[in-house]
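Structure below is data05.tsv: TSV, C-alpha atoms.
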```tsv
chain	number	residue	atom	x	y	z
H	5	ASP	CA	36.10	17.52	-0.22
H	6	GLU	CA	36.48	15.33	2.86
H	7	GLY	CA	32.79	15.41	3.84
H	8	ARG	CA	31.65	14.25	0.40
H	9	ALA	CA	34.30	11.53	0.33
H	10	ILE	CA	33.08	10.21	3.71
H	11	MET	CA	29.46	10.29	2.59
H	12	ARG	CA	30.31	8.55	-0.67
H	13	GLY	CA	32.28	5.89	1.21
H	14	LEU	CA	29.40	5.22	3.61
H	15	LEU	CA	26.93	4.95	0.73
H	16	ILE	CA	29.18	2.49	-1.10
H	17	LYS	CA	29.50	0.46	2.10
H	18	ASP	CA	25.72	0.33	2.59
H	19	TYR	CA	24.94	-0.57	-1.03
H	20	ARG	CA	27.51	-3.34	-0.92
H	21	LEU	CA	25.84	-4.67	2.23
H	22	LEU	CA	22.47	-4.55	0.45
H	23	TRP	CA	23.96	-6.24	-2.61
H	24	ASN	CA	24.70	-9.26	-0.39
H	25	GLN	CA	20.90	-9.53	-0.02
H	26	ARG	CA	20.36	-9.48	-3.80
H	27	ARG	CA	18.38	-12.73	-3.81
H	28	THR	CA	15.86	-11.34	-1.34
H	29	LEU	CA	15.71	-8.09	-3.30
H	30	GLY	CA	15.22	-10.05	-6.51
H	31	ILE	CA	12.25	-11.93	-5.05
H	32	MET	CA	10.82	-8.62	-3.81
H	33	MET	CA	11.05	-7.09	-7.28
H	34	LEU	CA	9.59	-10.21	-8.90
H	35	ILE	CA	6.51	-9.98	-6.66
H	36	TRP	CA	6.21	-6.27	-7.50
H	37	ALA	CA	6.53	-6.93	-11.24
H	38	ILE	CA	3.78	-9.58	-11.13
H	39	VAL	CA	1.41	-7.20	-9.35
H	40	VAL	CA	2.21	-4.37	-11.78
H	41	PHE	CA	1.93	-6.27	-15.05
H	42	THR	CA	-1.24	-8.09	-14.00
H	43	ASN	CA	-2.63	-4.72	-12.81
H	44	THR	CA	-4.35	-6.47	-9.90
H	45	ASN	CA	-3.76	-3.77	-7.28
H	46	PRO	CA	-1.85	-0.62	-8.38
H	47	ALA	CA	-2.11	1.03	-4.94
H	48	PHE	CA	-0.51	-2.02	-3.30
H	49	ALA	CA	2.23	-2.08	-5.94
H	50	VAL	CA	3.14	1.56	-5.25
H	51	SER	CA	3.09	1.30	-1.47
H	52	TYR	CA	4.91	-2.07	-1.53
H	53	LEU	CA	7.77	-0.76	-3.66
H	54	ILE	CA	8.15	2.55	-1.82
H	55	PHE	CA	8.06	0.92	1.61
H	56	SER	CA	10.40	-1.93	0.64
H	57	CYS	CA	13.00	0.43	-0.85
H	58	SER	CA	12.75	2.85	2.07
H	59	ILE	CA	13.13	0.19	4.75
H	60	LEU	CA	16.46	-0.84	3.22
H	61	ALA	CA	17.99	2.14	5.07
H	62	ILE	CA	16.78	0.63	8.35
H	63	ASN	CA	18.23	-2.75	7.37
H	64	THR	CA	21.68	-1.17	7.02
H	65	VAL	CA	21.40	0.10	10.61
H	66	SER	CA	20.85	-3.50	11.72
H	67	TYR	CA	23.91	-4.62	9.73
H	68	ASP	CA	26.03	-1.87	11.27
H	69	GLN	CA	25.00	-2.82	14.80
H	70	HIS	CA	25.66	-6.53	14.26
H	71	GLU	CA	28.57	-7.67	16.47
H	72	ASN	CA	29.17	-4.04	17.54
H	73	GLY	CA	30.16	-2.98	14.04
H	74	ILE	CA	28.93	0.53	14.81
H	75	ILE	CA	31.76	0.94	17.35
H	76	PHE	CA	34.33	0.20	14.64
H	77	LEU	CA	32.64	2.62	12.22
H	78	LEU	CA	32.68	5.45	14.75
H	79	SER	CA	36.36	4.82	15.48
H	80	LEU	CA	37.06	5.91	11.90
H	81	PRO	CA	37.23	9.62	10.94
H	82	ILE	CA	33.43	9.74	10.70
H	83	SER	CA	31.36	12.01	12.93
H	84	ARG	CA	28.12	10.76	14.41
H	85	LYS	CA	26.16	13.42	12.58
H	86	GLN	CA	27.68	12.31	9.30
H	87	TYR	CA	26.61	8.74	10.06
H	88	VAL	CA	23.00	9.85	10.61
H	89	GLN	CA	23.09	12.13	7.56
H	90	GLU	CA	24.20	9.22	5.38
H	91	LYS	CA	21.31	7.04	6.59
H	92	TYR	CA	18.78	9.74	5.69
H	93	LEU	CA	20.53	10.37	2.36
H	94	LEU	CA	20.32	6.63	1.66
H	95	LEU	CA	16.63	6.73	2.56
H	96	LEU	CA	15.99	9.66	0.19
H	97	ILE	CA	17.89	8.04	-2.69
H	98	ASN	CA	15.94	4.79	-2.31
H	99	LEU	CA	12.67	6.68	-1.91
H	100	MET	CA	13.23	8.77	-5.05
H	101	ALA	CA	14.20	5.66	-7.03
H	102	ALA	CA	11.01	3.87	-5.92
H	103	VAL	CA	8.86	6.91	-6.75
H	104	LEU	CA	10.48	7.23	-10.19
H	105	ILE	CA	9.84	3.55	-10.97
H	106	SER	CA	6.24	3.86	-9.73
H	107	VAL	CA	5.66	6.92	-11.91
H	108	LEU	CA	7.09	5.24	-15.02
H	109	PHE	CA	5.38	1.88	-14.69
H	110	ILE	CA	2.15	2.66	-12.81
H	111	TRP	CA	1.17	6.34	-12.92
H	112	LEU	CA	2.09	7.23	-16.53
H	113	PRO	CA	0.21	4.22	-17.98
H	114	GLY	CA	-2.86	5.56	-16.14
H	115	ASN	CA	-3.25	2.71	-13.64
H	116	ILE	CA	-3.48	5.05	-10.64
H	117	GLU	CA	-4.24	8.71	-9.88
H	118	GLY	CA	-1.39	11.07	-9.08
H	119	ILE	CA	-2.94	12.18	-5.78
H	120	GLU	CA	-3.20	8.56	-4.68
H	121	VAL	CA	0.51	8.10	-5.34
H	122	MET	CA	1.30	11.20	-3.27
H	123	PHE	CA	-0.92	9.98	-0.43
H	124	LEU	CA	0.83	6.59	-0.38
H	125	ILE	CA	4.24	8.29	-0.40
H	126	GLY	CA	3.15	10.43	2.55
H	127	VAL	CA	1.99	7.42	4.58
H	128	VAL	CA	5.23	5.51	3.94
H	129	VAL	CA	7.40	8.55	4.79
H	130	LEU	CA	5.53	9.04	8.08
H	131	VAL	CA	6.06	5.39	9.01
H	132	ILE	CA	9.74	5.39	8.06
H	133	SER	CA	10.24	8.72	9.88
H	134	VAL	CA	9.34	6.87	13.06
H	135	MET	CA	11.11	3.59	12.32
H	136	LEU	CA	14.54	4.97	11.38
H	137	PRO	CA	15.23	7.01	14.56
H	138	VAL	CA	13.76	4.22	16.70
H	139	SER	CA	16.21	1.75	15.12
H	140	LEU	CA	19.11	4.13	15.74
H	141	ILE	CA	18.08	4.82	19.35
H	142	PHE	CA	17.05	1.35	20.55
H	143	GLY	CA	18.87	-0.95	18.16
H	144	ALA	CA	17.46	-3.54	15.78
H	145	GLU	CA	15.87	-5.96	18.26
H	146	LYS	CA	14.51	-3.51	20.84
H	147	GLY	CA	13.52	-1.17	18.02
H	148	ARG	CA	11.11	-3.76	16.59
H	149	LEU	CA	9.39	-4.08	19.96
H	150	VAL	CA	9.15	-0.30	20.33
H	151	ILE	CA	7.67	0.02	16.82
H	152	ILE	CA	5.09	-2.71	17.56
H	153	ALA	CA	4.17	-0.98	20.83
H	154	PHE	CA	3.93	2.37	19.04
H	155	GLY	CA	1.69	0.85	16.37
H	156	ALA	CA	-0.57	-0.63	19.05
H	157	VAL	CA	-0.85	2.78	20.76
H	158	ILE	CA	-1.74	4.44	17.44
H	159	CYS	CA	-4.47	1.83	16.82
H	160	ILE	CA	-5.91	2.31	20.31
H	161	VAL	CA	-5.86	6.09	19.95
H	162	GLY	CA	-7.53	5.79	16.56
H	163	VAL	CA	-10.34	3.56	17.89
H	164	TRP	CA	-10.99	5.79	20.89
H	165	SER	CA	-10.85	8.93	18.74
H	166	GLU	CA	-13.53	7.48	16.48
H	167	LYS	CA	-15.72	6.62	19.49
H	168	LEU	CA	-15.17	10.10	20.95
H	169	ALA	CA	-16.13	11.68	17.63
H	170	GLN	CA	-19.35	9.65	17.56
H	171	MET	CA	-20.18	10.66	21.14
H	172	THR	CA	-19.59	14.35	20.44
H	173	GLY	CA	-21.37	14.30	17.07
H	174	ILE	CA	-18.28	15.07	14.99
H	175	ASP	CA	-18.68	13.79	11.43
H	176	ILE	CA	-15.20	12.52	10.51
H	177	ASP	CA	-16.34	11.28	7.08
H	178	HIS	CA	-17.59	14.77	6.20
H	179	MET	CA	-14.32	16.33	7.36
H	180	LEU	CA	-12.36	13.90	5.17
H	181	ASP	CA	-14.64	14.63	2.21
H	182	VAL	CA	-14.04	18.35	2.64
H	183	PHE	CA	-10.27	17.82	2.92
H	184	PHE	CA	-10.02	15.65	-0.20
H	185	SER	CA	-12.31	17.98	-2.17
H	186	GLN	CA	-9.43	20.48	-2.43
H	187	LYS	CA	-7.66	20.96	-5.71
H	188	GLU	CA	-5.13	18.24	-6.43
H	189	MET	CA	-2.28	20.76	-6.54
H	190	TYR	CA	-2.99	21.88	-2.97
H	191	LEU	CA	-3.26	18.29	-1.74
H	192	ASN	CA	0.09	17.46	-3.35
H	193	LEU	CA	1.76	20.50	-1.78
H	194	GLU	CA	0.32	19.65	1.64
H	195	CYS	CA	1.55	16.08	1.32
H	196	ILE	CA	5.05	17.24	0.34
H	197	LEU	CA	5.12	19.68	3.27
H	198	VAL	CA	4.10	16.96	5.72
H	199	CYS	CA	6.81	14.64	4.36
H	200	ILE	CA	9.49	17.33	4.68
H	201	CYS	CA	8.43	18.20	8.24
H	202	ALA	CA	8.29	14.52	9.27
H	203	LEU	CA	11.77	13.81	7.89
H	204	ALA	CA	13.19	17.00	9.46
H	205	VAL	CA	11.83	16.12	12.91
H	206	SER	CA	12.95	12.51	12.49
H	207	TYR	CA	16.47	13.57	11.51
H	208	GLY	CA	16.67	16.03	14.40
H	209	ILE	CA	15.72	13.34	16.93
H	210	ALA	CA	18.12	10.76	15.44
H	211	SER	CA	21.01	13.22	15.17
H	212	THR	CA	20.59	14.51	18.73
H	213	HIS	CA	20.47	10.96	20.07
H	214	MET	CA	23.58	9.82	18.17
H	215	VAL	CA	25.63	12.72	19.49
H	216	ARG	CA	24.71	11.87	23.09
H	217	LYS	CA	24.69	8.06	22.94
H	218	GLU	CA	27.52	6.11	24.50
H	219	TYR	CA	28.77	2.89	22.87
```
Entire entry expressed as structure tokens:
Amino acid sequence: DEGRAIMRGLLIKDYRLLWNQRRTLGIMMLIWAIVVFTNTNPAFAVSYLIFSCSILAINTVSYDQHENGIIFLLSLPISRKQYVQEKYLLLLINLMAAVLISVLFIWLPGNIEGIEVMFLIGVVVLVISVMLPVSLIFGAEKGRLVIIAFGAVICIVGVWSEKLAQMTGIDIDHMLDVFFSQKEMYLNLECILVCICALAVSYGIASTHMVRKEY
């Protein structure tokens, strides 16, 4: 059907754009392979691969916006919602590929706990869920500044929250201990639920913006 053909065409376009960066991707995978096979830091290897593969979707947004390429794309028989859907589909494909590789080469050999992998996936998904709509809304250059500002706000809120907890006598360490003392199955389900909600909200924001934005 026409919708699938459009989505397939957009995916082929994006992967061909990424293939032009194959040298950079090759260096990225070489660094990952060294970390994995030396078993120096499994948690870093997982988060590095998942984040690097996920951020490729954001890189394609930058390529599309270069020299107003997005205007040409939207002049084709492609709806704005389809454009956003393809970016999130690309993100999910890359994310699943990174998770599969991490499971095969890091988790199955017993170098890291399954719950730790899920936690790292959750953190990366939350970060990407912010970065992707920001890149679509503000563009590549302004988007970087917005993300930096957002990160600074999060850090400030985190520091002040910790001070407030100390002033009010709230034991954050105990709360975290209680949370992570749950059965691993429940923690995994909670992590998956958070990821789904974050991506759903992120997609809703990005899709709504694309429909209204003027180019």
Per residue of region 43-154 of chain H within 10 Å of region 187-196 of chain H, what are the shortest atom pair and its distance in Å to one decimal, counting only C-alpha atoms, with rows by chain and residue number, as JSON lines?
```
{"residue": "H:Gly118", "atom": "CA", "partner": "H:Glu188", "partner_atom": "CA", "distance": 8.5}
{"residue": "H:Ile119", "atom": "CA", "partner": "H:Glu188", "partner_atom": "CA", "distance": 6.5}
{"residue": "H:Glu120", "atom": "CA", "partner": "H:Asn192", "partner_atom": "CA", "distance": 9.6}
{"residue": "H:Val121", "atom": "CA", "partner": "H:Asn192", "partner_atom": "CA", "distance": 9.6}
{"residue": "H:Met122", "atom": "CA", "partner": "H:Asn192", "partner_atom": "CA", "distance": 6.4}
{"residue": "H:Phe123", "atom": "CA", "partner": "H:Cys195", "partner_atom": "CA", "distance": 6.8}
{"residue": "H:Leu124", "atom": "CA", "partner": "H:Cys195", "partner_atom": "CA", "distance": 9.7}
{"residue": "H:Ile125", "atom": "CA", "partner": "H:Cys195", "partner_atom": "CA", "distance": 8.4}
{"residue": "H:Gly126", "atom": "CA", "partner": "H:Cys195", "partner_atom": "CA", "distance": 6.0}
{"residue": "H:Val127", "atom": "CA", "partner": "H:Cys195", "partner_atom": "CA", "distance": 9.3}
```
*Tell me which of H:Thr28, H:Ser66, H:Asn43, H:Ser211 sits closest to Glu90 (chain H), counting all atoms listed in the file.*
H:Ser211
_Best match for closeness to Thr64 (chain H) among H:Ala102, H:Leu80, H:Leu21, H:Val39, counting all atoms listed in the file_ =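 Among the listed residues, the smallest separation from Thr64 (chain H) belongs to H:Leu21.
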*Might you pull out every residue within 12 Å of region 128-132 of chain H, with all atoms listed in the file counted and same-chain residues fewer than 6 positions away left off, and present them as number ranges by chain?*
H: 48, 50-63, 91-92, 95-96, 98-100, 102-103, 121-122, 138-139, 151-152, 154-155, 158, 195-207
*Expected answer as a PyMOL selection string: all residues with atoms within 12 Å of (31.6, 15.0, 3.2), only C-alpha atoms*: chain H and resi 5-15+81-83+85-87+89-90
_As an exercise, work out the distance from CA of Val215 (chain H) to CA of Gly73 (chain H) in Å and give it to one decimal place._
17.2 Å
*So how far away is CA of Asp18 (chain H) from CA of Gly143 (chain H), in Å?*
17.1 Å
_Selected residue, from H:Ala101, H:Ile174, H:Leu108, H:Val150, that lies nearest to Val134 (chain H) when counting all atoms listed in the file_ =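 For Val134 (chain H), the nearest of the candidates is H:Val150.
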*For CA of His213 (chain H) and CA of Lys146 (chain H), determine how far apart the two atoms are, in Å to one decimal place.*
15.7 Å
